$ cat work_1.pdb   # PDB, C-alpha atoms
ATOM      1  CA  MET A   1      42.996-170.400-112.789
ATOM      2  CA  ASP A   2      39.724-169.184-111.254
ATOM      3  CA  VAL A   3      39.043-166.263-113.570
ATOM      4  CA  GLY A   4      35.867-165.384-111.704
ATOM      5  CA  HIS A   5      37.939-164.259-108.722
ATOM      6  CA  GLN A   6      37.788-160.652-107.571
ATOM      7  CA  PHE A   7      41.081-159.866-109.266
ATOM      8  CA  VAL A   8      42.283-160.949-112.678
ATOM      9  CA  GLY A   9      45.877-160.413-113.754
ATOM     10  CA  VAL A  10      46.546-159.340-117.340
ATOM     11  CA  ARG A  11      50.162-159.302-118.507
ATOM     12  CA  ARG A  12      51.079-156.371-120.715
ATOM     13  CA  ASP A  13      53.839-153.937-121.620
ATOM     14  CA  TYR A  14      53.358-150.889-119.386
ATOM     15  CA  ARG A  15      54.493-148.531-122.154
ATOM     16  CA  LYS A  16      51.717-149.773-124.435
ATOM     17  CA  SER A  17      49.076-149.970-121.745
ATOM     18  CA  ALA A  18      45.666-148.416-122.267
ATOM     19  CA  TYR A  19      45.999-147.300-118.646
ATOM     20  CA  PRO A  20      49.120-145.086-118.528
ATOM     21  CA  PHE A  21      48.123-143.761-115.099
ATOM     22  CA  THR A  22      49.153-146.932-113.261
ATOM     23  CA  ARG A  23      51.992-149.423-113.186
ATOM     24  CA  CYS A  24      49.763-151.987-111.511
ATOM     25  CA  ARG A  25      48.989-155.030-113.635
ATOM     26  CA  VAL A  26      46.106-156.237-111.507
ATOM     27  CA  PHE A  27      42.653-154.816-112.191
ATOM     28  CA  PRO A  28      39.498-155.341-110.086
ATOM     29  CA  VAL A  29      36.541-156.779-111.973
ATOM     30  CA  LEU A  30      33.098-158.051-111.143
ATOM     31  CA  PRO A  31      32.763-161.837-111.541
ATOM     32  CA  GLN A  32      30.903-161.697-114.842
ATOM     33  CA  THR A  33      31.227-164.771-117.020
ATOM     34  CA  ALA A  34      31.904-163.073-120.364
ATOM     35  CA  LYS A  35      34.531-160.697-118.969
ATOM     36  CA  ALA A  36      36.170-163.457-116.938
ATOM     37  CA  GLU A  37      36.449-165.610-120.058
ATOM     38  CA  ARG A  38      37.993-162.779-122.085
ATOM     39  CA  ALA A  39      40.403-161.979-119.264
ATOM     40  CA  ALA A  40      41.514-165.613-119.128
ATOM     41  CA  ILE A  41      42.212-165.653-122.860
ATOM     42  CA  LEU A  42      44.234-162.450-122.667
ATOM     43  CA  HIS A  43      46.099-163.668-119.620
ATOM     44  CA  GLY A  44      47.023-166.881-121.388
ATOM     45  CA  ASP A  45      48.159-165.103-124.542
ATOM     46  CA  GLY A  46      49.950-162.312-122.677
ATOM     47  CA  ILE A  47      48.522-159.734-125.080
ATOM     48  CA  GLY A  48      45.816-157.111-125.277
ATOM     49  CA  CYS A  49      44.163-154.989-122.656
ATOM     50  CA  LEU A  50      40.730-154.765-121.062
ATOM     51  CA  ALA A  51      38.636-151.760-120.112
ATOM     52  CA  PHE A  52      36.281-153.310-117.580
ATOM     53  CA  CYS A  53      32.840-151.703-117.405
ATOM     54  CA  PRO A  54      30.678-153.072-114.577
ATOM     55  CA  LEU A  55      26.941-152.330-114.669
ATOM     56  CA  ILE A  56      24.539-152.499-111.740
ATOM     57  CA  GLY A  57      20.827-151.841-111.285
ATOM     58  CA  LEU A  58      19.667-149.241-108.778
ATOM     59  CA  PHE A  59      15.913-149.249-108.090
ATOM     60  CA  GLY A  60      14.856-148.601-111.667
ATOM     61  CA  ALA A  61      18.057-146.779-112.611
ATOM     62  CA  ALA A  62      21.514-148.061-113.535
ATOM     63  CA  ALA A  63      25.103-147.192-112.712
ATOM     64  CA  ALA A  64      28.128-148.101-114.823
ATOM     65  CA  TRP A  65      31.793-147.169-114.901
ATOM     66  CA  THR A  66      35.003-147.902-116.738
ATOM     67  CA  GLY A  67      38.685-147.048-116.444
ATOM     68  CA  ALA A  68      40.255-145.175-113.544
ATOM     69  CA  SER A  69      38.380-143.506-110.730
ATOM     70  CA  GLU A  70      39.552-140.269-109.168
ATOM     71  CA  LYS A  71      40.273-142.109-105.923
ATOM     72  CA  THR A  72      42.583-144.496-107.785
ATOM     73  CA  LEU A  73      44.504-141.632-109.368
ATOM     74  CA  LYS A  74      44.902-139.885-106.019
ATOM     75  CA  ARG A  75      45.999-143.122-104.365
ATOM     76  CA  ILE A  76      48.838-143.626-106.844
ATOM     77  CA  GLY A  77      49.832-139.946-106.751
ATOM     78  CA  ASP A  78      48.850-139.101-110.324
ATOM     79  CA  LYS A  79      48.027-135.381-110.614
ATOM     80  CA  ASP A  80      47.958-135.116-114.409
ATOM     81  CA  TYR A  81      44.207-135.327-114.800
ATOM     82  CA  GLU A  82      41.084-133.200-114.977
ATOM     83  CA  LYS A  83      37.443-134.126-114.401
ATOM     84  CA  ILE A  84      34.147-132.830-115.706
ATOM     85  CA  TYR A  85      30.563-133.375-114.620
ATOM     86  CA  LEU A  86      27.720-133.228-117.129
ATOM     87  CA  TYR A  87      24.029-134.084-117.209
ATOM     88  CA  PRO A  88      22.847-134.698-120.782
ATOM     89  CA  ASN A  89      19.521-136.271-121.690
ATOM     90  CA  SER A  90      19.422-139.925-122.712
ATOM     91  CA  HIS A  91      17.819-138.951-126.028
ATOM     92  CA  ALA A  92      16.517-135.844-127.795
ATOM     93  CA  GLY A  93      14.764-133.617-125.278
ATOM     94  CA  TYR A  94      11.841-132.830-127.572
ATOM     95  CA  TYR A  95      10.992-136.542-127.820
ATOM     96  CA  PRO A  96       8.909-137.857-124.867
ATOM     97  CA  GLY A  97      10.580-139.871-122.162
ATOM     98  CA  ALA A  98      14.069-138.350-122.129
ATOM     99  CA  LYS A  99      15.910-138.957-118.853
ATOM    100  CA  PRO A 100      19.027-137.206-117.518
ATOM    101  CA  ILE A 101      22.301-139.122-117.293
ATOM    102  CA  ALA A 102      24.711-137.936-114.615
ATOM    103  CA  MET A 103      28.244-138.414-115.963
ATOM    104  CA  LYS A 104      31.749-137.897-114.642
ATOM    105  CA  VAL A 105      34.585-138.110-117.160
ATOM    106  CA  ILE A 106      38.296-138.091-116.265
ATOM    107  CA  PHE A 107      41.057-137.279-118.755
ATOM    108  CA  ARG A 108      44.705-136.248-118.963
ATOM    109  CA  LYS A 109      45.427-132.535-118.732
ATOM    110  CA  SER A 110      48.641-132.979-120.715
ATOM    111  CA  ASP A 111      47.293-134.686-123.844
ATOM    112  CA  GLY A 112      43.541-135.199-123.420
ATOM    113  CA  ARG A 113      43.727-138.967-123.154
ATOM    114  CA  LEU A 114      40.580-140.548-121.727
ATOM    115  CA  LEU A 115      41.235-142.162-118.333
ATOM    116  CA  GLY A 116      37.853-143.142-116.949
ATOM    117  CA  ALA A 117      34.132-142.445-116.801
ATOM    118  CA  GLN A 118      31.171-143.057-114.512
ATOM    119  CA  ALA A 119      27.463-142.639-115.197
ATOM    120  CA  VAL A 120      24.141-143.118-113.464
ATOM    121  CA  GLY A 121      20.638-142.686-114.848
ATOM    122  CA  GLU A 122      17.387-144.347-115.837
ATOM    123  CA  ASP A 123      17.934-144.802-119.563
ATOM    124  CA  ASN A 124      20.781-145.919-121.848
ATOM    125  CA  VAL A 125      23.549-145.625-119.272
ATOM    126  CA  ASP A 126      25.119-148.901-120.440
ATOM    127  CA  LYS A 127      25.294-147.736-124.056
ATOM    128  CA  ARG A 128      27.304-144.637-123.172
ATOM    129  CA  ILE A 129      29.755-146.378-120.836
ATOM    130  CA  SER A 130      30.220-149.200-123.367
ATOM    131  CA  ALA A 131      31.212-146.610-125.973
ATOM    132  CA  LEU A 132      33.630-144.974-123.538
ATOM    133  CA  ALA A 133      35.093-148.371-122.558
ATOM    134  CA  LEU A 134      35.858-149.041-126.216
ATOM    135  CA  ALA A 135      37.431-145.587-126.483
ATOM    136  CA  LEU A 136      39.654-146.479-123.521
ATOM    137  CA  GLN A 137      40.763-149.697-125.204
ATOM    138  CA  MET A 138      41.560-147.763-128.377
ATOM    139  CA  ARG A 139      43.601-145.219-126.360
ATOM    140  CA  ALA A 140      41.306-142.439-127.505
ATOM    141  CA  THR A 141      41.428-138.812-126.416
ATOM    142  CA  ILE A 142      38.608-136.445-125.599
ATOM    143  CA  TYR A 143      39.172-134.931-129.054
ATOM    144  CA  ASP A 144      38.253-138.314-130.535
ATOM    145  CA  LEU A 145      35.054-138.341-128.461
ATOM    146  CA  GLU A 146      33.836-135.029-129.814
ATOM    147  CA  GLU A 147      34.279-136.315-133.383
ATOM    148  CA  ALA A 148      32.851-139.817-132.803
ATOM    149  CA  GLU A 149      30.075-140.985-135.150
ATOM    150  CA  LEU A 150      27.311-142.648-133.122
ATOM    151  CA  CYS A 151      23.819-143.965-133.854
ATOM    152  CA  TYR A 152      21.077-141.348-133.878
ATOM    153  CA  ALA A 153      17.304-141.245-133.860
ATOM    154  CA  PRO A 154      15.315-138.899-131.591
ATOM    155  CA  GLN A 155      13.828-141.724-129.531
ATOM    156  CA  PHE A 156      17.229-143.362-128.947
ATOM    157  CA  GLY A 157      19.793-140.559-128.815
ATOM    158  CA  SER A 158      20.638-136.959-129.601
ATOM    159  CA  ALA A 159      22.342-135.338-132.548
ATOM    160  CA  LYS A 160      24.964-134.394-129.955
ATOM    161  CA  ASP A 161      25.212-137.700-128.096
ATOM    162  CA  PRO A 162      26.286-137.642-124.418
ATOM    163  CA  VAL A 163      29.589-139.206-125.519
ATOM    164  CA  ASN A 164      30.139-136.382-128.028
ATOM    165  CA  PHE A 165      28.981-133.856-125.455
ATOM    166  CA  ALA A 166      31.539-135.120-122.921
ATOM    167  CA  GLY A 167      34.291-134.792-125.518
ATOM    168  CA  MET A 168      33.218-131.261-126.450
ATOM    169  CA  VAL A 169      33.091-130.062-122.847
ATOM    170  CA  ALA A 170      36.476-131.629-122.020
ATOM    171  CA  ALA A 171      38.028-130.230-125.209
ATOM    172  CA  ASP A 172      36.765-126.735-124.325
ATOM    173  CA  VAL A 173      38.534-127.069-120.974
ATOM    174  CA  LEU A 174      41.867-128.105-122.507
ATOM    175  CA  ARG A 175      41.693-125.489-125.263
ATOM    176  CA  GLY A 176      41.174-122.762-122.673
ATOM    177  CA  ASP A 177      37.697-121.853-123.885
ATOM    178  CA  MET A 178      36.137-122.875-120.568
ATOM    179  CA  PRO A 179      38.403-122.417-117.542
ATOM    180  CA  LEU A 180      37.184-124.841-114.911
ATOM    181  CA  SER A 181      37.000-124.987-111.142
ATOM    182  CA  GLN A 182      35.677-127.609-108.731
ATOM    183  CA  TRP A 183      33.447-127.304-105.693
ATOM    184  CA  ASP A 184      36.209-128.332-103.278
ATOM    185  CA  SER A 185      37.939-125.009-104.021
ATOM    186  CA  ALA A 186      34.796-122.857-104.249
ATOM    187  CA  GLU A 187      35.602-120.894-101.092
ATOM    188  CA  LYS A 188      38.649-119.369-102.787
ATOM    189  CA  GLY A 189      36.782-117.281-105.352
ATOM    190  CA  PHE A 190      33.984-114.760-105.761
ATOM    191  CA  LEU A 191      30.794-116.766-106.365
ATOM    192  CA  LEU A 192      28.407-115.625-109.096
ATOM    193  CA  ASP A 193      25.094-117.480-109.456
ATOM    194  CA  VAL A 194      23.495-116.906-112.874
ATOM    195  CA  ARG A 195      20.284-118.861-112.225
ATOM    196  CA  GLU A 196      16.857-117.265-112.025
ATOM    197  CA  PRO A 197      15.730-116.029-108.567
ATOM    198  CA  VAL A 198      12.954-118.649-108.394
ATOM    199  CA  GLU A 199      15.579-121.412-108.533
ATOM    200  CA  LEU A 200      17.308-120.074-105.441
ATOM    201  CA  ALA A 201      14.226-120.905-103.353
ATOM    202  CA  LEU A 202      15.069-124.583-103.838
ATOM    203  CA  GLU A 203      18.828-124.440-103.226
ATOM    204  CA  ASN A 204      21.408-121.704-102.979
ATOM    205  CA  VAL A 205      25.006-121.009-102.055
ATOM    206  CA  PRO A 206      25.548-118.668 -99.094
ATOM    207  CA  GLY A 207      27.467-115.547-100.076
ATOM    208  CA  ALA A 208      26.977-115.923-103.828
ATOM    209  CA  LEU A 209      25.855-112.914-105.837
ATOM    210  CA  ASN A 210      22.818-113.669-107.977
ATOM    211  CA  ILE A 211      22.733-112.063-111.427
ATOM    212  CA  PRO A 212      20.556-113.996-113.897
ATOM    213  CA  LEU A 213      22.312-114.728-117.177
ATOM    214  CA  GLY A 214      19.942-112.478-119.133
ATOM    215  CA  GLN A 215      20.925-109.481-116.973
ATOM    216  CA  LEU A 216      24.662-110.120-116.812
ATOM    217  CA  ARG A 217      25.840-107.735-119.543
ATOM    218  CA  ALA A 218      23.908-104.867-117.967
ATOM    219  CA  ARG A 219      25.248-105.509-114.443
ATOM    220  CA  LEU A 220      28.956-106.087-115.008
ATOM    221  CA  GLY A 221      29.723-103.113-112.763
ATOM    222  CA  GLU A 222      28.663-105.160-109.729
ATOM    223  CA  LEU A 223      31.498-107.649-110.252
ATOM    224  CA  PRO A 224      35.094-107.365-108.982
ATOM    225  CA  ARG A 225      37.972-107.219-111.451
ATOM    226  CA  ASP A 226      40.620-108.027-108.850
ATOM    227  CA  ARG A 227      39.244-111.449-107.896
ATOM    228  CA  GLU A 228      38.592-114.666-109.753
ATOM    229  CA  ILE A 229      34.874-115.176-110.365
ATOM    230  CA  LEU A 230      33.473-118.703-110.046
ATOM    231  CA  VAL A 231      30.241-118.994-112.019
ATOM    232  CA  ILE A 232      27.369-121.261-110.916
ATOM    233  CA  CYS A 233      24.175-122.437-112.584
ATOM    234  CA  ARG A 234      22.066-125.595-112.328
ATOM    235  CA  SER A 235      24.086-127.926-114.586
ATOM    236  CA  GLY A 236      26.914-125.839-116.080
ATOM    237  CA  GLN A 237      25.502-124.707-119.426
ATOM    238  CA  ARG A 238      24.417-121.198-118.450
ATOM    239  CA  ALA A 239      27.585-120.828-116.390
ATOM    240  CA  TYR A 240      29.568-121.593-119.560
ATOM    241  CA  SER A 241      27.828-118.764-121.422
ATOM    242  CA  ALA A 242      28.361-116.398-118.488
ATOM    243  CA  THR A 243      32.036-117.382-118.218
ATOM    244  CA  ARG A 244      32.563-116.625-121.915
ATOM    245  CA  ILE A 245      30.934-113.203-121.491
ATOM    246  CA  LEU A 246      33.115-112.360-118.497
ATOM    247  CA  LEU A 247      36.347-113.504-120.168
ATOM    248  CA  GLN A 248      35.582-111.389-123.228
ATOM    249  CA  LYS A 249      34.993-108.377-120.958
ATOM    250  CA  GLY A 250      38.374-108.784-119.258
ATOM    251  CA  PHE A 251      37.285-110.522-116.045
ATOM    252  CA  LYS A 252      39.007-113.533-114.530
ATOM    253  CA  ALA A 253      36.334-116.230-114.487
ATOM    254  CA  ARG A 254      35.909-119.984-114.192
ATOM    255  CA  ASN A 255      32.945-122.324-114.577
ATOM    256  CA  LEU A 256      32.142-124.439-111.511
ATOM    257  CA  SER A 257      31.994-127.884-113.109
ATOM    258  CA  GLY A 258      28.539-129.446-113.132
ATOM    259  CA  GLY A 259      26.890-126.555-111.316
ATOM    260  CA  MET A 260      24.542-127.235-108.434
ATOM    261  CA  LEU A 261      23.939-130.785-109.644
ATOM    262  CA  SER A 262      27.565-131.754-108.959
ATOM    263  CA  ARG A 263      27.587-130.109-105.547
ATOM    264  CA  THR A 264      26.807-133.405-103.787
ATOM    265  CA  HIS A 265      30.049-134.891-105.169
ATOM    266  CA  ALA A 266      31.984-132.172-103.371
ATOM    267  CA  GLU A 267      29.992-132.714-100.178
ATOM    268  CA  ASN A 268      30.760-136.429-100.282
ATOM    269  CA  PHE A 269      34.444-135.629-100.820
ATOM    270  CA  TRP A 270      34.482-133.284 -97.854
ATOM    271  CA  SER A 271      32.683-135.725 -95.566
ATOM    272  CA  GLU A 272      35.106-138.533 -96.459
ATOM    273  CA  SER A 273      38.427-136.706 -96.487
ATOM    274  CA  ILE A 274      38.425-133.171 -95.039
ATOM    275  CA  GLN A 275      36.215-130.866 -93.039
ATOM    276  CA  ALA A 276      34.905-128.124 -95.317
ATOM    277  CA  PRO A 277      35.399-124.618 -93.908
ATOM    278  CA  ASN A 278      32.132-123.429 -95.455
ATOM    279  CA  ARG A 279      29.457-125.856 -96.560
ATOM    280  CA  VAL A 280      27.838-124.758 -99.796
ATOM    281  CA  THR A 281      24.331-126.048 -99.261
ATOM    282  CA  THR A 282      21.238-124.757 -97.564
ATOM    283  CA  HIS A 283      18.084-126.155 -99.102
ATOM    284  CA  ARG A 284      18.405-129.367-101.017
ATOM    285  CA  SER A 285      16.214-131.184-103.512
ATOM    286  CA  GLU A 286      15.726-134.908-102.973
ATOM    287  CA  SER A 287      14.476-135.532-106.506
ATOM    288  CA  ILE A 288      16.445-137.109-109.328
ATOM    289  CA  PRO A 289      18.786-134.420-110.747
ATOM    290  CA  MET A 290      17.280-132.666-113.759
ATOM    291  CA  ALA A 291      19.333-130.285-115.867
ATOM    292  CA  VAL A 292      17.812-126.848-116.412
ATOM    293  CA  MET A 293      19.205-125.721-119.762
TER     294      MET A 293
END

$ encode --input "work_1.pdb" --output "structure tokens"
Amino acid sequence: MDVGHQFVGVRRDYRKSAYPFTRCRVFPVLPQTAKAERAAILHGDGIGCLAFCPLIGLFGAAAAWTGASEKTLKRIGDKDYEKIYLYPNSHAGYYPGAKPIAMKVIFRKSDGRLLGAQAVGEDNVDKRISALALALQMRATIYDLEEAELCYAPQFGSAKDPVNFAGMVAADVLRGDMPLSQWDSAEKGFLLDVREPVELALENVPGALNIPLGQLRARLGELPRDREILVICRSGQRAYSATRILLQKGFKARNLSGGMLSRTHAENFWSESIQAPNRVTTHRSESIPMAVM
């Protein structure tokens, strides 16, 4: 068998599969020698499962992914999933040279099981996707990710590693501590932008009310109580704090996942599948996304 072919078949019991979202037993892989050899062994034995994690270079950066993509889940009609976008640093921010990693993590809404992840960045992208690929093979949940013990030194990682951070954010969503919304449904709610006014000169959302996070408690009277409030910031962290404040004050509020940095994902979705009734961009930065914490 030519195991370097575009598709490699791996026989397995569907009920024990690490990929419960699909009944397909054929998984696309890149023709990499090590993975092809492992796939051939598993195919011959009829046991085990693989979480393929391709890695490519992109003009000084890298992109890697593992598990299911959102397109795959939609194609097979699986609706039991949620997604988060996050932009942690590759290592401790106070140590020179930290670079942002843009991550998308997909998991089951029903039980928190990890389904897939994608990441792009300039530093240590492969390390994070490799860890998530192993978690997929071990049938881990997002609760396992938030408790995972990973290597730490300021020049190599953070005390709260991006893998831990992804688990914590996803767990907050499932526990109800951070109600979530996505950009493709942003037109349905009242938009609240909690960034500083100077940030709006770079990019803004038409129709959104701007109340900086530091002024929110003093200006609650400007917000409607009969509509759901969708909270925006640069990367999602300030929006999380604002959402918690609003929920505790009796408002209906959700955090727009990934903030302005994830907006381009929604634009790509709209351009590929539907025509957006109201585009959410005016000015746009062409630089590498940087999280403003």

$ resolve_selection --input "work_1.pdb" --expression "the PyMOL selection byres ((chain A and resi 239-244) around 12)" --output "compact mmCIF listing (two decimals) with C-alpha atoms, in the frame of the given file"
# COMPACT_ATOMS: atom_id res chain seq x y z
CA VAL A 169 33.09 -130.06 -122.85
CA ASP A 172 36.76 -126.74 -124.32
CA VAL A 173 38.53 -127.07 -120.97
CA GLY A 176 41.17 -122.76 -122.67
CA ASP A 177 37.70 -121.85 -123.88
CA MET A 178 36.14 -122.88 -120.57
CA PRO A 179 38.40 -122.42 -117.54
CA LEU A 180 37.18 -124.84 -114.91
CA SER A 181 37.00 -124.99 -111.14
CA LEU A 191 30.79 -116.77 -106.36
CA LEU A 192 28.41 -115.62 -109.10
CA ASP A 193 25.09 -117.48 -109.46
CA VAL A 194 23.50 -116.91 -112.87
CA ARG A 195 20.28 -118.86 -112.22
CA ILE A 211 22.73 -112.06 -111.43
CA PRO A 212 20.56 -114.00 -113.90
CA LEU A 213 22.31 -114.73 -117.18
CA GLY A 214 19.94 -112.48 -119.13
CA GLN A 215 20.92 -109.48 -116.97
CA LEU A 216 24.66 -110.12 -116.81
CA ARG A 217 25.84 -107.74 -119.54
CA LEU A 220 28.96 -106.09 -115.01
CA GLU A 228 38.59 -114.67 -109.75
CA ILE A 229 34.87 -115.18 -110.36
CA LEU A 230 33.47 -118.70 -110.05
CA VAL A 231 30.24 -118.99 -112.02
CA ILE A 232 27.37 -121.26 -110.92
CA CYS A 233 24.18 -122.44 -112.58
CA ARG A 234 22.07 -125.60 -112.33
CA SER A 235 24.09 -127.93 -114.59
CA GLY A 236 26.91 -125.84 -116.08
CA GLN A 237 25.50 -124.71 -119.43
CA ARG A 238 24.42 -121.20 -118.45
CA ILE A 245 30.93 -113.20 -121.49
CA LEU A 246 33.12 -112.36 -118.50
CA LEU A 247 36.35 -113.50 -120.17
CA GLN A 248 35.58 -111.39 -123.23
CA LYS A 249 34.99 -108.38 -120.96
CA GLY A 250 38.37 -108.78 -119.26
CA PHE A 251 37.28 -110.52 -116.04
CA LYS A 252 39.01 -113.53 -114.53
CA ALA A 253 36.33 -116.23 -114.49
CA ARG A 254 35.91 -119.98 -114.19
CA ASN A 255 32.94 -122.32 -114.58
CA LEU A 256 32.14 -124.44 -111.51
CA SER A 257 31.99 -127.88 -113.11
CA GLY A 258 28.54 -129.45 -113.13
CA GLY A 259 26.89 -126.56 -111.32
CA MET A 260 24.54 -127.24 -108.43
CA VAL A 292 17.81 -126.85 -116.41
CA MET A 293 19.20 -125.72 -119.76

$ closest_residue --input "work_1.pdb" --among "A:Asn204, A:Gln155, A:Thr141, A:Thr72" --to "Lys109 of chain A" --atoms "only C-alpha atoms"
A:Thr141

$ atom_distance --input "work_1.pdb" --atom1 "atom CA of Leu86 of chain A" --atom2 "atom CA of Ser262 of chain A"
8.3 Å

$ resolve_selection --input "work_1.pdb" --expression "the PyMOL selection byres ((chain A and resi 98) around 12)" --output "ChimeraX atom specification"
/A:87-97,99-101,121-124,154-158,290-291

$ closest_residue --input "work_1.pdb" --among "A:Ala201, A:Met103, A:Ile84, A:Ala68" --to "Leu136 of chain A" --atoms "all atoms listed in the file"
A:Ala68

$ residues_around --input "work_1.pdb" --residues "Leu114 of chain A" --least-positions-apart "4" --cutoff "12 Å" --atoms "all atoms listed in the file" --output "ChimeraX atom specification"
/A:18-21,51,66-69,80-84,104-110,131-146,163,166-167,170-171

$ axis_aligned_box --input "work_1.pdb" --around "segment 140-157 of chain A" --padding-each-side "3 Å" --output "JSON"
{"center_x": 27.6, "center_y": -139.4, "center_z": -130.4, "size_x": 33.6, "size_y": 15.0, "size_z": 15.6}

$ closest_residue --input "work_1.pdb" --among "A:Arg113, A:Ile129, A:Val120, A:Leu174" --to "Phe59 of chain A" --atoms "only C-alpha atoms"
A:Val120

$ atom_distance --input "work_1.pdb" --atom1 "atom CA of Phe165 of chain A" --atom2 "atom CA of Glu147 of chain A"
9.8 Å

$ decode --input "work_1.pdb" --residues "segment 117-132 of chain A" --atoms "N, CA and C atoms" --output "tab-separated table (two decimals), in the first residue's frame"
chain	number	residue	atom	x	y	z
A	117	ALA	N	-8.34	21.81	16.56
A	117	ALA	CA	-7.68	23.08	16.86
A	117	ALA	C	-6.85	23.52	15.68
A	118	GLN	N	-6.72	24.82	15.51
A	118	GLN	CA	-5.90	25.42	14.47
A	118	GLN	C	-5.13	26.57	15.09
A	119	ALA	N	-3.92	26.81	14.61
A	119	ALA	CA	-3.11	27.90	15.15
A	119	ALA	C	-2.18	28.44	14.09
A	120	VAL	N	-1.90	29.74	14.18
A	120	VAL	CA	-0.94	30.38	13.29
A	120	VAL	C	-0.18	31.42	14.10
A	121	GLY	N	1.12	31.53	13.87
A	121	GLY	CA	1.93	32.49	14.60
A	121	GLY	C	3.39	32.35	14.21
A	122	GLU	N	4.23	33.14	14.87
A	122	GLU	CA	5.65	33.17	14.54
A	122	GLU	C	6.51	32.37	15.50
A	123	ASP	N	5.93	31.86	16.58
A	123	ASP	CA	6.78	31.21	17.59
A	123	ASP	C	6.00	30.11	18.30
A	124	ASN	N	6.55	28.92	18.32
A	124	ASN	CA	6.05	27.79	19.13
A	124	ASN	C	4.62	27.37	18.80
A	125	VAL	N	4.22	27.56	17.54
A	125	VAL	CA	2.92	27.07	17.11
A	125	VAL	C	2.88	25.54	17.15
A	126	ASP	N	3.96	24.90	16.66
A	126	ASP	CA	3.98	23.44	16.58
A	126	ASP	C	3.86	22.80	17.95
A	127	LYS	N	4.48	23.41	18.96
A	127	LYS	CA	4.44	22.84	20.31
A	127	LYS	C	3.01	22.79	20.84
A	128	ARG	N	2.25	23.85	20.59
A	128	ARG	CA	0.88	23.89	21.12
A	128	ARG	C	-0.05	22.93	20.38
A	129	ILE	N	0.06	22.85	19.06
A	129	ILE	CA	-0.79	21.93	18.32
A	129	ILE	C	-0.39	20.49	18.59
A	130	SER	N	0.90	20.23	18.80
A	130	SER	CA	1.32	18.86	19.16
A	130	SER	C	0.68	18.44	20.47
A	131	ALA	N	0.64	19.34	21.45
A	131	ALA	CA	0.01	19.03	22.73
A	131	ALA	C	-1.48	18.77	22.55
A	132	LEU	N	-2.13	19.56	21.70
A	132	LEU	CA	-3.57	19.38	21.48
A	132	LEU	C	-3.84	18.11	20.68
